[in-house]
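This report concerns only the one structure given below.
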Amino acid sequence: MELAYGHPKSLKPVQSKYCPGCGHGVIHRLIAEVIDELALQERSVITNPVGCSIWADLYFDFDSVQPAHGRTPAASTGVKRMLPDHLVICYQGDGDLAAIGTAEIIHAANRGEKFTTIFVNNAIYGMTGGQMAPTTLVGQKATTAPEGRDPAEAGMGYPIRVCELLATLGGTKYLARGAVNNAANVRKTKQYIKKAFEAQMRGEGFTMVEVLSPCPTNWQMQPVEAEEWLEKNMIPFYPLGEIKNELGGAETKEAAK
Amino acid sequence: MELAYGHPKSLKPVQSKYCPGCGHGVIHRLIAEVIDELALQERSVITNPVGCSIWADLYFDFDSVQPAHGRTPAASTGVKRMLPDHLVICYQGDGDLAAIGTAEIIHAANRGEKFTTIFVNNAIYGMTGGQMAPTTLVGQKATTAPEGRDPAEAGMGYPIRVCELLATLGGTKYLARGAVNNAANVRKTKQYIKKAFEAQMRGEGFTMVEVLSPCPTNWQMQPVEAEEWLEKNMIPFYPLGEIKNELGGAETKEAAK
Amino acid sequence: MPDDKRLMKGNEAIGEAAIRAGCRAYFGYPITPQNELTAYMAKHMLARKRTFIQAESEVSAINMVYGAAATGARSMTSSSSPGISLKQEGISYACGADLPMVIVNVARSGPGLGGISPSQGDYFQSTRGGGHGDYYHLVLAPKSVQEAADLTYEAFDLADRWRMPVMILADGLIGQMMEGVVLPPERDLASLPRKGWAAGHQADTHRPNNHVTSINLVPAELEALNRKRFARYDEIKSSELRFEEVNVEKADLVFVAYGTSARVCLGAMEAAKRAGLELGLFRPISLWPFPHARLAELAAKGKRFLSVEMSMGQMVEDVRLAVEGKAPVDFYGRCGGVVPTEEEVLAEARRLLGK
Amino acid sequence: MPDDKRLMKGNEAIGEAAIRAGCRAYFGYPITPQNELTAYMAKHMLARKRTFIQAESEVSAINMVYGAAATGARSMTSSSSPGISLKQEGISYACGADLPMVIVNVARSGPGLGGISPSQGDYFQSTRGGGHGDYYHLVLAPKSVQEAADLTYEAFDLADRWRMPVMILADGLIGQMMEGVVLPPERDLASLPRKGWAAGHQADTHRPNNHVTSINLVPAELEALNRKRFARYDEIKSSELRFEEVNVEKADLVFVAYGTSARVCLGAMEAAKRAGLELGLFRPISLWPFPHARLAELAAKGKRFLSVEMSMGQMVEDVRLAVEGKAPVDFYGRCGGVVPTEEEVLAEARRLLGK
Amino acid sequence: MTEKTFIAGFGGQGVISLGQLWVYCAMKEGLEVTFFPFYGAEKRGGVARASVIVSDREIASPLVTSPDSSVVMNIDSLPICEEIARPGSAFLVNSSLVKADPKRKDLKVIKIPCNELAESIGDVKIANMVMMGALSKVTGAVKLDKLEAVLRSFFPEAKHKFIPMNMKAIEAGRAAI
Amino acid sequence: MTEKTFIAGFGGQGVISLGQLWVYCAMKEGLEVTFFPFYGAEKRGGVARASVIVSDREIASPLVTSPDSSVVMNIDSLPICEEIARPGSAFLVNSSLVKADPKRKDLKVIKIPCNELAESIGDVKIANMVMMGALSKVTGAVKLDKLEAVLRSFFPEAKHKFIPMNMKAIEAGRAAI
Amino acid sequence: MANKGKPQIDRERCKGCLLCVRACPTKVLAASGEPNSWGYYPSEAVAPDKCIACGNCYTVCPDVAITVYKL
Amino acid sequence: MANKGKPQIDRERCKGCLLCVRACPTKVLAASGEPNSWGYYPSEAVAPDKCIACGNCYTVCPDVAITVYKL
Ligand SMILES: Cc1ncc(C[n+]2csc(CCOP(=O)(O)OP(=O)(O)O)c2C)c(N)n1
Ligand SMILES: Cc1ncc(C[n+]2csc(CCOP(=O)(O)OP(=O)(O)O)c2C)c(N)n1
Ligand code: SF4
Ligand code: SF4
Ligand code: SF4
Ligand code: SF4
């Protein structure tokens, strides 16, 4: 009996505090798998954000730095500049990255900081209990959008496509959007993460993988239902794939879909 | 003898503190002219930013609100929501808008706030004495980029094209880029401002006119030289024209250039 | 029970009181333990067609309030400790521009991210100006849901009267707790005071331009403006002092405590009374202005004081400043989100009294 | 004149001293009156292939420092008052995560945008924690360009020793003024202390993971962490007090002043001496910890105090807390960017002494 | 009369609504009330706690640190409640889930098989209401005579059909004492 | 010896470099020095001021509020300097631009046509150096004997060719007294 | 597709989200009727023979509760 | 182009940037040799006859120092 799929080394064998069916767990595992594959466990630092993934430092089996809400890319900038030969993972939720930390991500990306942002887009604020995120879809309900996100009368704005926004910046070299709604997309997401980490270690510039991820709790759905909702609602609005790939070497480009 | 070109009513007849040849003066005059033409003098509020244009409230002959550095769009949001039938002008420099205030402009724009940002892009920090701005060109010198802006080794990032960045957002309806380097461009810029103000008063959504503007002092040039530098260096990088026009009514679209 | 007594969380009662006080605009960013307040405002402000914006950050929220307040509209923001830190520049600006607004801090434990449990560790920040420059603003500390509602309601009037931000400093327990509350009457927006200094509506009166600003690069002029503001502070110090005294006359030892820790002290006092011991409570309600003079009077009467706080010792400095060595001042504090128990507070009082 | 005495602006001397102390990373955002410091670092850090970043904001800058400091690298930021307000959340985080770093505030006049002239109006913010939660950090106030350089140099050592931010609180005059300065020797980066708690370089020792964080949602645990930090504060209070005394023994009236206002007092003292009047100066150099005990001693000796500040009265509270009513404490302040003159300070002293 | 109750249970067990309904009814009966919930860090799961006080006088500290009555809804809550219960106080245990006995001998332990009773009425989710019935009977502090009206304003219209079932659960709780 | 000098002039007149060079030379001559500039709000134009102190002892306040010598480079600076000059102090006026006389009669007014002298040497821009020469002669506080070396490190290489002209200006200033 | 495999589910680690059930192409998995000690009803292999070791279940599991072996 | 015009420059308002000189298509303007009271050398109409009232000078002037009349 040969082990085909098992627990990655860079992830601790502990029970997480994430809710049942939460995408953070899958994304954690993918990161850990890639770090194992690249043999970087002792040369990795994660900056884990304020948000549900504040717990990330309990699960990843390597060093971590926990900065203020939204300032994760600023802290990652400090970490990476001081540790240029380390893999630095800037893990961010959509509140952290696309709301309070908008300036930080845009400027870190524009400076071409050589860390990788893993952007968990669950279209809601998880930790604080279901407020509207910048990525919340139009009409989607949230505690701060009780009748659903309304860009018109209430002036709540439109969901922001972060990859597309960052693609306009000179410093961004690799921007991809994956999802963890099914096995195929999880696998593809892992490939994006791997490419991004490899590019980071080659020092190419700013890399980011956005991951569409369910938050069953705050979407008020069962986990399976949440996967379906993500497929039906998020993926059409947030197209999957490599949104920008300016990595050196044509072989790294994704085959046209 | 008939008056052909004279001082607009909405601008006070006082000597400004701006340096000789500074673009702020021209831009002020254009705003005042348009307000006169739209007969909005007593229904206008400007939020003047921290930056050389902190003085704007000494020159414009209508109400003003002076907020913290970079938070001009946030303050404008507050003003406009409370005074929906007023013309609200969010005047911003490139440090104010594209550095410290990145989150504020992106989210105000994305919410489709119904004010108009006048974005004075002089590729430098004026008031504080010549530091690098997010819009500083590659190689351009600044006190904080003593050998010129260097995106590569020093990781200073690339000049940001703000109109193009904001164009990706759902709430933006009109984004145009003008310049005040010669009479023709000044006139075109005025037309952009007029369109934006009219659209604001119709309540269409977020409107912005970016204006390429000389800062002879911090560019360390004579004013005429500064105009030439702007023509030769800024305009090629920051294309002029209407970058996004989703205003209602086809007649408002700019004739193709 | 009055018919209109409602069972509400502190956070919700603050929201409802603000709406009734004529709050026309709310700007906030989510943070525990005040999320119910933001959610309440989302629901009820939008339903009333007033302005509710979930801002992109606390920094943005306070500056939105700045803009709205500059037009004379009653407006507010709320947050909890880390978010309030982010608002410090904005608060300093609001004080510099003399803008009325209401700021609610439902404080949690720090420093840094800390925890989400109740704390009184933001006393210094609130009362000494966590922002830059010389300024103060009213700080009111409720001890109950009812008082949270009442003080919030009044805060809007005070802000307008004194042209300054008024902060409601409530800890997480006050925000999260449910109690019965009778809400103040709904204000007619049209009845609210007009503000001659505000931006906008120039067409109505053709008045000269209004400029809302805090800049002045001429030192002598800026100093004059500051001194004028401090003259106003002096008036406030004499007219807006609020505090509550319980059993201070009989007591040998007087607790000094506000908000939740005052409630705990009340419990300890009841237990003490059952044990035949008389303790008193001096509860500042206005933390700025702080009722120094009254404390000094009590000190002169030979009282000793025990400052009980959910912090490592902050308000106790004001007690010491008031008492000026004329009576013993002790401190008992818990922090990190721990709320002291009646039992431990009583034990500390006994220890000090040797009883 | 020592051969290596250089004429420098305070801002530049601070920058050069930081570089010599082994600062590996500087992150800042332009603001008057400290722009020369940022410009100096741009030029000289980049030339040495160290990290210089003009951050997109002060908020970002302090969090970049947070990241760099978390790896154990000596790092710093600088700003002036409004920018320091924006850093308050970050400073609270740094204190909560026990991170060494150096923060320079070349203070200007407030509140709000205020002016760009020198001020000491940020004393409360610096010494009482303008951020949320219970915390303190060292605050050092230079009175000259030489001392600015020396204290900055030392600040990096202190930060490492005590694992906390150290703030250099200089007003705009110290930053803008030129004086002769002899700079401390350049530190070899390799000689700097290793930090076992820092993130990174795990591969070198295969040690257990390091986590730099300030969160703890279990109140009792968070309280324990805070108390441990406060125990460290107590050590600092006994070992890191710095102050200077001039002529306090002979004097009837002792000025208490720091930074620029202390220089002004020295001038007033010289003039007083010429007029046959003995005045003294007590100059706190460490504003936190504040030398309360020594002031109390002087009070016990029957001295009276005049706190002279470029503010509406902030440090005077520490003087009062120290003196506890045992001696008269008066206050003389200018604000808005006005620097008091020797003449007016002397006049005030005379008035108080009735001479 | 002052009755301080401490309630603890698993996240989804209705601990919070038990406490809220309790004080709501008490308020309708003219009493002063406080209710203070405390959650752990987990979004789901973990122990949820509530301090609940009803009194005919003004209430001092809303924190219950020495409860007159304790409600133990699941096994994880047992040690938490045992630690603070006032000697001699009522200690109501949901015996459906809590099979162990408290170690302390100075408590008035009352076992109610809330889950079984609730299931027998029709839904395990109303186990908390069974417990509330028992609490009312044991303490006498809140009569619950206004509960039906309270439930009407507590629940949205669509759920009013469940009110009779809830009332039955209360009765079952009372009867179980 | 302590010499407190207050210098004021138009933005572009070299007021700042006058003060800096003055203290630089003084430092080289072994004196303690302080130099504190103060600008108005304007980027260009407006009055620039500098407090300059040289002394053989530690210097107390760097702010000159009662100057031993004042330097008035343009007409706008005249009232500013007059307001604070110490009675009996030296009051050096650039008579090329300041045609009016000070109103105060208790000052030792010395008029130097700096612009004319500078122009005659070759460049109006060195009017400030003419004034510095005069200041040295009048006060005796700074000998300026190390000025040439100082200028060498003050100016970039490319501008060293202007040093002789600067030295001439100093001499002209001295000679004008 | 000739692969044969065996999924092994850590009952205590599993939170019963059942995403693996949805992901399994051959319907090997289903919810168990017995709660684990957290009160969750974990997934279990109800038709272990059908497993083709595709790893889908492992891949979608947010709690790394599944190990898959190749037989 | 048959227009005839007249530029009028407020010497005290002018900061001598000379952008108007550059903008004028018919070379009406040039720097004056006499400084104004701010020390600036203002622009002046050296060839007023050539003015065609195009308004370019007014349009580029940052200090609104120019008024243009149609004759
Ligand atoms: C300055 C500050 N503001 C607000 C908060 C409260 N807060 C904690 S997490 C969070 C957002 C969480 O949403 P997101 O970033 O999308 O991550 P998720 O929890 O969904 O993974 C907020 C607003 C905070 N801790 N600090
Ligand atoms: C919080 C804060 N940070 C920094 C400053 C200093 N500051 C004043 S203006 C300015 C930038 C000016 O540049 P820009 O916005 O491009 O306007 P310009 O002066 O070029 O017109 C800065 C950084 C400040 N006043 N407040
Ligand atoms: S709240 Fe949402 S994001 Fe947070 S752990 Fe639960 S499911 Fe995941
Ligand atoms: S510094 Fe630049 S932007 Fe500012 S007034 Fe002068 S020219 Fe204009
Ligand atoms: S490995 Fe594939 S076939 Fe086997 S149980 Fe998992 S999902 Fe089903
Ligand atoms: S453009 Fe205006 S300010 Fe400039 S020279 Fe011409 S008239 Fe004078």
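The chains in the structure tokens are called A, B, ... from first to last as shown; in each chain the residues are counted from 1, and the ligands are counted from 1 in the order shown.
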
Requested in this report: Compute the set of protein, DNA and RNA residues whose minimum atom distance to ligand 2 is at most 8 Å, using only C-alpha atoms and all ligand atoms, and state it as a ChimeraX atom specification.
Outcome: /B:24,49-53,68-70,92-97,100,120-128,133,215 /C:89 /D:29-32,57-58,79-80,82-86,113

Write out the coordinates of chain G as a compact mmCIF listing (two decimals) with C-alpha atoms, in the first residue's frame after a least-squares overlay onto chain H built on all ordered Cα pairs.
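Written output follows (part.txt):
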# COMPACT_ATOMS: atom_id res chain seq x y z
CA MET G 1 -7.35 85.73 -38.28
CA ALA G 2 -8.63 89.16 -39.10
CA ASN G 3 -9.20 89.64 -35.36
CA LYS G 4 -7.37 92.44 -33.67
CA GLY G 5 -6.78 92.35 -29.98
CA LYS G 6 -5.05 93.88 -27.00
CA PRO G 7 -3.45 92.00 -24.17
CA GLN G 8 -3.29 93.78 -20.86
CA ILE G 9 -0.80 92.47 -18.33
CA ASP G 10 -1.04 93.15 -14.64
CA ARG G 11 2.62 93.77 -13.88
CA GLU G 12 2.21 93.18 -10.17
CA ARG G 13 0.27 89.95 -10.63
CA CYS G 14 2.74 88.58 -13.17
CA LYS G 15 5.49 86.32 -11.84
CA GLY G 16 7.58 86.46 -14.97
CA CYS G 17 7.28 82.81 -15.92
CA LEU G 18 7.08 83.81 -19.58
CA LEU G 19 4.79 80.98 -20.56
CA CYS G 20 2.67 83.54 -22.37
CA VAL G 21 5.65 84.59 -24.43
CA ARG G 22 6.03 81.03 -25.57
CA ALA G 23 2.30 80.70 -26.20
CA CYS G 24 1.79 83.77 -28.32
CA PRO G 25 1.64 82.83 -32.01
CA THR G 26 2.46 86.32 -33.21
CA LYS G 27 5.23 87.20 -30.79
CA VAL G 28 3.44 90.08 -29.17
CA LEU G 29 5.00 89.51 -25.75
CA ALA G 30 8.43 89.55 -24.14
CA ALA G 31 9.99 89.93 -20.74
CA SER G 32 10.19 93.44 -19.45
CA GLY G 33 13.57 94.79 -18.32
CA GLU G 34 12.15 96.34 -15.17
CA PRO G 35 11.38 94.17 -12.15
CA ASN G 36 8.05 94.58 -10.38
CA SER G 37 7.91 95.08 -6.65
CA TRP G 38 8.20 91.31 -6.04
CA GLY G 39 11.45 91.23 -7.96
CA TYR G 40 9.93 89.44 -10.96
CA TYR G 41 10.48 90.64 -14.51
CA PRO G 42 6.97 90.62 -15.88
CA SER G 43 5.84 89.99 -19.39
CA GLU G 44 4.89 92.98 -21.52
CA ALA G 45 3.40 93.57 -24.93
CA VAL G 46 6.36 94.56 -27.04
CA ALA G 47 4.49 94.30 -30.34
CA PRO G 48 0.90 95.04 -29.37
CA ASP G 49 -0.17 95.62 -32.95
CA LYS G 50 0.37 92.01 -33.83
CA CYS G 51 -2.20 90.76 -31.33
CA ILE G 52 -4.94 88.68 -32.90
CA ALA G 53 -6.91 88.19 -29.66
CA CYS G 54 -6.41 84.44 -29.78
CA GLY G 55 -6.31 84.31 -25.98
CA ASN G 56 -3.39 81.92 -25.83
CA CYS G 57 -1.52 84.12 -23.44
CA TYR G 58 -4.49 84.33 -21.09
CA THR G 59 -5.05 80.62 -21.44
CA VAL G 60 -1.58 79.53 -20.35
CA CYS G 61 -1.02 82.16 -17.69
CA PRO G 62 -0.88 80.50 -14.25
CA ASP G 63 -1.47 83.79 -12.49
CA VAL G 64 -4.46 85.20 -14.36
CA ALA G 65 -2.28 88.22 -14.96
CA ILE G 66 -3.51 88.80 -18.50
CA THR G 67 -6.75 90.21 -19.80
CA VAL G 68 -7.33 90.17 -23.53
CA TYR G 69 -9.64 92.59 -25.30
CA LYS G 70 -11.01 92.42 -28.80
CA LEU G 71 -10.57 95.67 -30.61

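Restricting the calculation to only C-alpha atoms, the smallest distance between chain B and any of C:Ala21, C:Ile91, C:Val254, C:Ala47 is found for C:Ile91.
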
Query raised in the report: Which distance in Å separates atom 3 (S, counted along the ligand's line) of ligand 3 and CA of Ser214 in chain D, to one decimal?
Result: 20.8 Å

Query raised in the report: So which residues of range 27-104 of chain A fall under helix (DSSP H, G or I) by DSSP, listed as number ranges by chain?
Result: A: 27-38, 41-43, 52-59, 72-82, 94-100, 102-104

Query - Nearby residues (only C-alpha atoms) at most 12 Å from Glu119 in chain F, same-chain spacing under 2 positions excluded, as a list in words - result: Ser96, Pro113, Cys114, Asn115, Glu116, Leu117, Ile121, Gly122, Asp123, Val124, Lys125, Ile126, Ala127, Asn128, Met129, Val130, Met165, Asn166, Lys168, Ala169 and Ala172 of chain F

Report task. If you run DSSP over the backbone, which residues in chain G end up strand (DSSP E)? Put them as a PyMOL selection string. Result -> chain G and resi 5-9+29-31+43-45+66-70

Report task. Write out as an MDAnalysis selection string each polymer residue whose atoms come within 7 Å of Lys194 in chain B, counting only C-alpha atoms; drop sequence neighbours fewer than 4 positions from it. Result -> chainID B and resid 34 190 198

With all heavy atoms retained, could you export that selection as a JSON list (two decimals), in the first residue's frame?
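So the final result, stored in out33.json, reads:
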[["chain", "number", "residue", "atom", "x", "y", "z"],
["B", 34, "VAL", "N", -15.33, 77.24, -15.50],
["B", 34, "VAL", "CA", -16.43, 76.30, -15.73],
["B", 34, "VAL", "C", -17.55, 76.55, -14.72],
["B", 34, "VAL", "O", -18.74, 76.52, -15.07],
["B", 34, "VAL", "CB", -15.93, 74.84, -15.68],
["B", 34, "VAL", "CG1", -17.10, 73.87, -15.77],
["B", 34, "VAL", "CG2", -14.94, 74.58, -16.80],
["B", 190, "LYS", "N", -10.07, 72.09, -20.25],
["B", 190, "LYS", "CA", -11.27, 72.77, -19.78],
["B", 190, "LYS", "C", -12.53, 72.04, -20.22],
["B", 190, "LYS", "O", -13.50, 71.91, -19.46],
["B", 190, "LYS", "CB", -11.29, 74.21, -20.28],
["B", 190, "LYS", "CG", -12.52, 74.96, -19.81],
["B", 190, "LYS", "CD", -12.46, 76.43, -20.14],
["B", 190, "LYS", "CE", -13.81, 77.07, -19.89],
["B", 190, "LYS", "NZ", -13.82, 78.47, -20.33],
["B", 198, "GLU", "N", -20.57, 68.68, -15.43],
["B", 198, "GLU", "CA", -21.96, 68.49, -15.89],
["B", 198, "GLU", "C", -22.45, 67.09, -15.52],
["B", 198, "GLU", "O", -23.57, 66.91, -15.05],
["B", 198, "GLU", "CB", -22.05, 68.72, -17.40],
["B", 198, "GLU", "CG", -21.96, 70.20, -17.75],
["B", 198, "GLU", "CD", -21.81, 70.46, -19.26],
["B", 198, "GLU", "OE1", -21.44, 69.51, -19.99],
["B", 198, "GLU", "OE2", -22.06, 71.60, -19.69]]

Query raised in the report: Excluding same-chain residues fewer than 3 positions from range 73-78 of chain A, what lies within 10 Å of it counting only C-alpha atoms, as a ChimeraX atom specification?
Result: /A:45-49,65-68,70,81-83,88-92,96-97,101-109,111-117 /D:25-27,51,53,55-56,59-71,73,75

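Residues of chain F lying within 12 Å of chain H, counting only C-alpha atoms, are Phe10, Gly11, Gly12, Gln13, Arg44, Gly45, Gly46, Val47, Asn74, Ile75, Asp76 and Leu97 of chain F.
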
Requested in this report: Specify as number ranges by chain all residues of chain E found within 7 Å of chain C, counting only C-alpha atoms.
Outcome: E: 24, 27-28, 30, 33-37, 60-61, 65

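The closest residue to ligand 1, picked from C:Ala107, C:Val338, C:Ala271, C:Ala349 and counting only C-alpha atoms and all ligand atoms, is C:Ala107.
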
Query raised in the report: Skipping near chain neighbours, those fewer than 5 positions away, what residues fall within 12 Å of Ala42 in chain D using only C-alpha atoms, listed as a PyMOL selection string?
Result: (chain B and resi 131-132+141-150+154+156) or (chain D and resi 12+15-16+19+25-30+35-37+47-55)

Would you kindly return, as a PDB file with N, CA, C and O atoms, in the first residue's frame, each protein, DNA or RNA residue with an atom no farther than 10 Å from any atom of Pro184 in chain C, considering only C-alpha atoms and excluding same-chain residues fewer than 3 positions away?
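Saved as selection37.pdb:
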ATOM      1  N   GLU C  16     -29.356  53.194  17.825  1.00  0.00           N
ATOM      2  CA  GLU C  16     -30.708  53.728  17.789  1.00  0.00           C
ATOM      3  C   GLU C  16     -30.751  55.135  18.382  1.00  0.00           C
ATOM      4  O   GLU C  16     -31.422  56.028  17.854  1.00  0.00           O
ATOM      5  N   ALA C  17     -30.008  55.342  19.462  1.00  0.00           N
ATOM      6  CA  ALA C  17     -29.991  56.672  20.083  1.00  0.00           C
ATOM      7  C   ALA C  17     -29.404  57.698  19.109  1.00  0.00           C
ATOM      8  O   ALA C  17     -29.882  58.833  19.019  1.00  0.00           O
ATOM      9  N   ALA C  18     -28.374  57.293  18.385  1.00  0.00           N
ATOM     10  CA  ALA C  18     -27.767  58.204  17.414  1.00  0.00           C
ATOM     11  C   ALA C  18     -28.767  58.587  16.340  1.00  0.00           C
ATOM     12  O   ALA C  18     -28.904  59.763  15.968  1.00  0.00           O
ATOM     13  N   ARG C  20     -31.969  58.594  16.573  1.00  0.00           N
ATOM     14  CA  ARG C  20     -32.991  59.470  17.154  1.00  0.00           C
ATOM     15  C   ARG C  20     -32.457  60.872  17.426  1.00  0.00           C
ATOM     16  O   ARG C  20     -33.210  61.837  17.443  1.00  0.00           O
ATOM     17  N   ALA C  21     -31.157  60.957  17.654  1.00  0.00           N
ATOM     18  CA  ALA C  21     -30.564  62.273  17.908  1.00  0.00           C
ATOM     19  C   ALA C  21     -30.416  63.075  16.616  1.00  0.00           C
ATOM     20  O   ALA C  21     -30.006  64.236  16.658  1.00  0.00           O
ATOM     21  N   GLN C 146     -28.628  51.672  29.118  1.00  0.00           N
ATOM     22  CA  GLN C 146     -29.443  52.886  29.181  1.00  0.00           C
ATOM     23  C   GLN C 146     -28.568  54.129  29.090  1.00  0.00           C
ATOM     24  O   GLN C 146     -28.845  55.054  28.321  1.00  0.00           O
ATOM     25  N   ALA C 149     -27.175  54.749  25.650  1.00  0.00           N
ATOM     26  CA  ALA C 149     -28.142  55.401  24.766  1.00  0.00           C
ATOM     27  C   ALA C 149     -28.262  56.889  25.104  1.00  0.00           C
ATOM     28  O   ALA C 149     -28.191  57.755  24.224  1.00  0.00           O
ATOM     29  N   ASP C 150     -28.402  57.171  26.377  1.00  0.00           N
ATOM     30  CA  ASP C 150     -28.620  58.568  26.786  1.00  0.00           C
ATOM     31  C   ASP C 150     -27.418  59.440  26.452  1.00  0.00           C
ATOM     32  O   ASP C 150     -27.555  60.561  25.956  1.00  0.00           O
ATOM     33  N   TYR C 153     -27.073  60.071  22.723  1.00  0.00           N
ATOM     34  CA  TYR C 153     -28.071  61.049  22.289  1.00  0.00           C
ATOM     35  C   TYR C 153     -27.601  62.463  22.620  1.00  0.00           C
ATOM     36  O   TYR C 153     -27.588  63.352  21.782  1.00  0.00           O
ATOM     37  N   GLU C 154     -27.165  62.615  23.841  1.00  0.00           N
ATOM     38  CA  GLU C 154     -26.691  63.923  24.277  1.00  0.00           C
ATOM     39  C   GLU C 154     -25.401  64.334  23.579  1.00  0.00           C
ATOM     40  O   GLU C 154     -25.134  65.530  23.394  1.00  0.00           O
ATOM     41  N   VAL C 181     -33.855  49.135  28.004  1.00  0.00           N
ATOM     42  CA  VAL C 181     -33.517  50.539  27.749  1.00  0.00           C
ATOM     43  C   VAL C 181     -34.765  51.273  27.257  1.00  0.00           C
ATOM     44  O   VAL C 181     -35.527  50.734  26.457  1.00  0.00           O
ATOM     45  N   ARG C 187     -35.607  62.908  17.111  1.00  0.00           N
ATOM     46  CA  ARG C 187     -35.485  64.314  16.756  1.00  0.00           C
ATOM     47  C   ARG C 187     -35.926  64.542  15.318  1.00  0.00           C
ATOM     48  O   ARG C 187     -35.570  63.769  14.424  1.00  0.00           O
TER      49      ARG C 187
END

For chain B, list the residues within 8 Å of chain F, counting only C-alpha atoms, and write the list as a tab-separated table (two decimals) with C-alpha atoms, in the first residue's frame.
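Generated output (part-v2.tsv):
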chain	number	residue	atom	x	y	z
B	17	LYS	CA	1.56	81.77	-3.44
B	18	TYR	CA	2.29	79.33	-6.23
B	19	CYS	CA	5.69	79.47	-7.85
B	127	MET	CA	4.94	71.24	-1.13
